[in-house]
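K.L.:
File name target.txt; file contents compact mmCIF, C-alpha atoms; full text below.
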# COMPACT_ATOMS: atom_id res chain seq x y z
CA MET A 1 -1.31 -32.12 -49.57
CA ARG A 2 -3.61 -34.73 -51.03
CA ASN A 3 -6.58 -36.25 -49.32
CA LEU A 4 -7.01 -39.97 -49.89
CA VAL A 5 -10.13 -41.89 -48.90
CA LEU A 6 -9.39 -45.48 -47.92
CA SER A 7 -12.16 -48.06 -47.79
CA VAL A 8 -11.03 -51.08 -45.78
CA ILE A 9 -12.44 -54.52 -45.06
CA GLY A 10 -11.04 -57.72 -43.60
CA ASP A 11 -11.76 -60.61 -41.28
CA ASP A 12 -12.00 -59.12 -37.79
CA ARG A 13 -9.00 -59.77 -35.58
CA PRO A 14 -6.66 -57.79 -33.31
CA GLY A 15 -4.09 -55.53 -34.92
CA LEU A 16 -5.93 -54.40 -38.06
CA VAL A 17 -6.10 -50.72 -37.15
CA SER A 18 -2.51 -50.80 -35.96
CA ALA A 19 -1.29 -52.33 -39.25
CA LEU A 20 -3.15 -49.71 -41.27
CA ALA A 21 -1.97 -46.87 -39.02
CA ASP A 22 1.63 -48.11 -39.32
CA ALA A 23 1.44 -48.11 -43.12
CA VAL A 24 0.01 -44.58 -43.11
CA ALA A 25 2.57 -43.25 -40.60
CA GLN A 26 5.56 -44.85 -42.36
CA GLN A 27 4.66 -42.90 -45.50
CA GLY A 28 4.22 -39.59 -43.65
CA GLY A 29 0.44 -39.65 -43.85
CA ASN A 30 -1.88 -38.02 -41.35
CA TRP A 31 -4.94 -40.07 -40.30
CA GLU A 32 -7.57 -37.33 -40.21
CA ARG A 33 -10.99 -38.91 -39.94
CA SER A 34 -12.51 -42.38 -39.88
CA GLN A 35 -15.58 -44.51 -39.35
CA LEU A 36 -14.69 -48.11 -38.49
CA ALA A 37 -16.88 -50.95 -37.28
CA HIS A 38 -17.19 -54.68 -36.70
CA LEU A 39 -20.03 -55.95 -38.92
CA ALA A 40 -21.00 -59.61 -39.44
CA GLY A 41 -17.56 -60.94 -38.56
CA LYS A 42 -15.79 -58.39 -40.75
CA PHE A 43 -13.94 -55.25 -39.82
CA ALA A 44 -14.84 -52.47 -42.23
CA GLY A 45 -14.52 -48.75 -42.53
CA ILE A 46 -13.53 -45.59 -44.26
CA VAL A 47 -10.49 -43.49 -43.41
CA VAL A 48 -9.48 -40.05 -44.71
CA VAL A 49 -5.72 -39.59 -44.85
CA ALA A 50 -3.76 -36.46 -45.79
CA VAL A 51 -0.35 -36.96 -47.37
CA SER A 52 2.07 -34.78 -49.32
CA ALA A 53 1.64 -35.20 -53.07
CA ASP A 54 5.17 -36.60 -53.46
CA ARG A 55 4.48 -39.38 -50.92
CA ALA A 56 0.98 -40.32 -52.09
CA ASP A 57 2.09 -43.17 -54.36
CA GLY A 58 4.15 -44.68 -51.54
CA LEU A 59 1.24 -44.49 -49.15
CA ILE A 60 -1.09 -46.07 -51.70
CA GLY A 61 1.39 -48.92 -52.20
CA ALA A 62 1.82 -49.41 -48.46
CA VAL A 63 -1.89 -49.58 -47.59
CA THR A 64 -2.86 -51.72 -50.57
CA GLY A 65 -0.01 -54.08 -49.74
CA LEU A 66 -1.60 -55.27 -46.51
CA ASP A 67 -2.48 -58.58 -48.15
CA GLY A 68 -3.93 -61.13 -45.81
CA LEU A 69 -4.94 -58.47 -43.30
CA LEU A 70 -7.11 -55.93 -45.07
CA GLU A 71 -8.40 -55.23 -48.53
CA VAL A 72 -7.91 -51.51 -49.10
CA ALA A 73 -9.29 -49.46 -51.97
CA VAL A 74 -7.93 -45.92 -52.35
CA HIS A 75 -9.90 -43.02 -53.78
CA SER A 76 -8.82 -39.46 -54.33
CA GLY A 77 -10.63 -37.05 -52.03
CA ASP A 78 -11.01 -33.32 -52.15
CA THR A 79 -10.90 -31.04 -49.19
CA ALA A 80 -14.40 -30.74 -47.83
CA THR A 81 -16.41 -27.93 -49.32
CA PRO A 82 -18.60 -26.22 -46.78
CA ARG A 83 -22.35 -26.40 -47.32
CA GLU A 84 -24.03 -23.20 -48.26
CA ASP A 85 -25.62 -21.44 -45.33
CA THR A 86 -28.99 -22.01 -46.95
CA TRP A 87 -28.86 -25.83 -46.51
CA THR A 88 -30.75 -27.01 -43.42
CA PRO A 89 -29.22 -29.74 -41.22
CA ILE A 90 -31.72 -32.27 -39.87
CA THR A 91 -31.38 -35.39 -37.70
CA ILE A 92 -33.84 -38.23 -38.24
CA GLY A 93 -34.29 -41.01 -35.69
CA VAL A 94 -36.17 -44.21 -36.50
CA LEU A 95 -37.24 -47.04 -34.17
CA GLY A 96 -39.64 -49.89 -34.80
CA ASN A 97 -40.12 -53.56 -35.54
CA ASP A 98 -37.52 -54.74 -38.01
CA ARG A 99 -38.68 -55.57 -41.49
CA ALA A 100 -37.25 -55.41 -44.99
CA GLY A 101 -37.56 -52.13 -46.84
CA ILE A 102 -37.27 -49.49 -44.11
CA VAL A 103 -34.01 -47.98 -45.41
CA HIS A 104 -35.28 -48.21 -48.99
CA GLU A 105 -38.49 -46.33 -48.23
CA LEU A 106 -36.80 -43.58 -46.22
CA SER A 107 -33.86 -43.06 -48.57
CA THR A 108 -36.16 -42.97 -51.62
CA ALA A 109 -38.28 -40.23 -50.03
CA LEU A 110 -35.22 -38.22 -49.03
CA SER A 111 -33.63 -38.56 -52.46
CA ALA A 112 -36.84 -37.45 -54.20
CA SER A 113 -36.65 -34.19 -52.21
CA GLY A 114 -32.97 -33.60 -53.02
CA VAL A 115 -31.92 -34.32 -49.43
CA SER A 116 -28.30 -35.40 -48.99
CA ILE A 117 -27.50 -38.04 -46.36
CA GLU A 118 -24.33 -37.00 -44.55
CA LYS A 119 -24.22 -39.86 -42.05
CA MET A 120 -26.41 -42.89 -41.42
CA THR A 121 -26.11 -45.46 -38.66
CA THR A 122 -28.46 -48.44 -38.53
CA GLY A 123 -28.77 -51.54 -36.41
CA VAL A 124 -31.09 -54.20 -35.06
CA ARG A 125 -31.49 -55.35 -31.49
CA GLU A 126 -33.75 -57.64 -29.55
CA ALA A 127 -37.07 -56.26 -28.37
CA PRO A 128 -37.03 -57.62 -24.78
CA MET A 129 -40.67 -56.99 -23.89
CA ALA A 130 -42.31 -57.82 -27.22
CA GLY A 131 -39.96 -60.43 -28.67
CA GLY A 132 -38.62 -60.13 -32.18
CA MET A 133 -36.14 -57.55 -33.38
CA LEU A 134 -36.18 -53.76 -33.35
CA PHE A 135 -34.69 -51.69 -36.15
CA GLU A 136 -33.11 -48.39 -35.21
CA ALA A 137 -31.48 -45.74 -37.35
CA GLU A 138 -30.07 -42.27 -37.03
CA LEU A 139 -29.53 -40.11 -40.09
CA ASP A 140 -27.85 -36.73 -40.31
CA VAL A 141 -29.08 -35.10 -43.50
CA TRP A 142 -28.90 -31.79 -45.35
CA VAL A 143 -32.02 -30.29 -46.89
CA PRO A 144 -31.28 -28.15 -49.96
CA PRO A 145 -32.28 -24.51 -50.23
CA GLY A 146 -35.84 -24.06 -51.40
CA ALA A 147 -36.93 -27.56 -50.38
CA ASP A 148 -40.18 -27.84 -48.45
CA THR A 149 -39.00 -29.04 -45.03
CA THR A 150 -42.59 -29.34 -43.80
CA GLY A 151 -43.46 -31.49 -46.82
CA ILE A 152 -40.38 -33.67 -46.24
CA ARG A 153 -41.33 -34.11 -42.58
CA ASP A 154 -44.92 -34.97 -43.56
CA GLU A 155 -43.73 -37.56 -46.09
CA LEU A 156 -41.40 -39.18 -43.53
CA GLU A 157 -44.23 -39.33 -40.99
CA ARG A 158 -46.53 -40.90 -43.61
CA ILE A 159 -43.90 -43.56 -44.35
CA ALA A 160 -43.35 -44.15 -40.61
CA ALA A 161 -47.08 -44.75 -40.11
CA GLU A 162 -47.12 -47.16 -43.07
CA LEU A 163 -44.08 -49.07 -41.77
CA LEU A 164 -45.28 -48.95 -38.15
CA VAL A 165 -42.10 -47.28 -36.90
CA GLU A 166 -41.54 -44.23 -34.75
CA ILE A 167 -39.76 -41.34 -36.40
CA ASP A 168 -38.27 -38.23 -34.86
CA VAL A 169 -37.24 -35.35 -37.11
CA GLU A 170 -35.27 -32.48 -35.57
CA THR A 171 -33.48 -29.50 -37.06
CA ARG A 172 -29.90 -29.42 -35.78
CA ALA A 173 -27.76 -26.39 -35.15
CA ASP A 174 -24.51 -27.10 -37.01
Please re-express this file's structure in structure tokens.
P.N.:
Amino acid sequence: MRNLVLSVIGDDRPGLVSALADAVAQQGGNWERSQLAHLAGKFAGIVVVAVSADRADGLIGAVTGLDGLLEVAVHSGDTATPREDTWTPITIGVLGNDRAGIVHELSTALSASGVSIEKMTTGVREAPMAGGMLFEAELDVWVPPGADTTGIRDELERIAAELLVEIDVETRAD
């Protein structure tokens, strides 16, 4: 079996997931995992599909042939390698007034410590009581063995104070 990672984008309208799922199913593929969303009038996402090696080329042709519906890029994926037991899973929550640079500041600090972002969800919403917009984010990250988790937490809290956002850092049990 081969794992293929499909990145998809198209103008949002009904039937996009169905068209993609049909193309995968017709080629004997198994839709294993996905993250799909409506963003700024577009429908975008990532899908992991497993398919037998002898049917992979057919599946690639089928999903990339959805012209007019979706643009699909196909990447070869490996089976997931489990993290070493010594990596520490952490969830980071962020909430505060929206402004440019929040993701940049946080991701730069995490990267400098060797932290790997596994999943990140961000958004903005109206702040009903204060007016303006609120930025919110949730990040699931992995801290490498030997990294100073207290130092990482301290750096994130320093950045949060500078950006005037609330930050919540919790170790998860994965």
K.L.:
Report, in Å to a single decimal, how far apart CA of Trp142 (chain A) and CA of Val51 (chain A) are.
P.N.:
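Pair CA of Val51 (chain A) / CA of Trp142 (chain A) returns 29.1 Å.
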K.L.:
Output as CSV one row per residue of region 138-161 of chain A within 8 Å of region 97-113 of chain A: the closest atom pair and its distance in Å to one decimal place, counting only C-alpha atoms, sorted by chain and residue number ascending.
P.N.:
residue,atom,partner,partner_atom,distance
A:Ala147,CA,A:Ser113,CA,6.9
A:Ile152,CA,A:Ser113,CA,7.1
A:Glu155,CA,A:Ala109,CA,7.2
A:Leu156,CA,A:Leu106,CA,6.9
A:Ile159,CA,A:Glu105,CA,7.2
K.L.:
Can you pull out the residues contacting region 63-70 of chain A? Cut-off 12 Å, using only C-alpha atoms, and skip same-chain residues under 6 positions away; I want them as a count of residues only.
P.N.:
33
K.L.:
Given all atoms listed in the file as the basis, pick out the residue of A:Ala62, A:Ala137, A:Ala40, A:Val48 nearest to Val169 (chain A).
P.N.:
A:Ala137
K.L.:
List the neighbours of Met120 (chain A) out to 10 Å using all atoms listed in the file; skip same-chain residues closer than 2 positions along the sequence, and give me the result as a ChimeraX atom specification.
P.N.:
/A:91-93,103,117-118,122,137-141
K.L.:
Rounded to one decimal in Å, what is the spacing between CA of Glu170 (chain A) and CA of Arg33 (chain A)?
P.N.:
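Pair CA of Glu170 (chain A) / CA of Arg33 (chain A) returns 25.5 Å.
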K.L.:
For each of A:Pro145, A:Gly41, A:Gly132, A:Pro89, take the minimum atom-to-atom distance to Thr171 (chain A), counting only C-alpha atoms, then give the residue where this is smallest.
P.N.:
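Result for the nearest residue to Thr171 (chain A): A:Pro89.
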K.L.:
Determine the nearest neighbour of Ile167 (chain A) from the options A:Gly96, A:Gly151, A:Gly146, A:Gly58, counting all atoms listed in the file.
P.N.:
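The shortest atom-to-atom distance to Ile167 (chain A) comes from A:Gly96.
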K.L.:
Could you state the separation of CA of Pro128 (chain A) and CA of Glu162 (chain A) in Å, given to one decimal place?
P.N.:
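Taking CA of Pro128 (chain A) as the start and CA of Glu162 (chain A) as the end point, the length is 23.4 Å.
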K.L.:
For each of A:Val143, A:Ile46, A:Leu39, A:Ala53, take the minimum atom-to-atom distance to His75 (chain A), counting only C-alpha atoms, then give the residue where this is smallest.
P.N.:
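Result for the nearest residue to His75 (chain A): A:Ile46.
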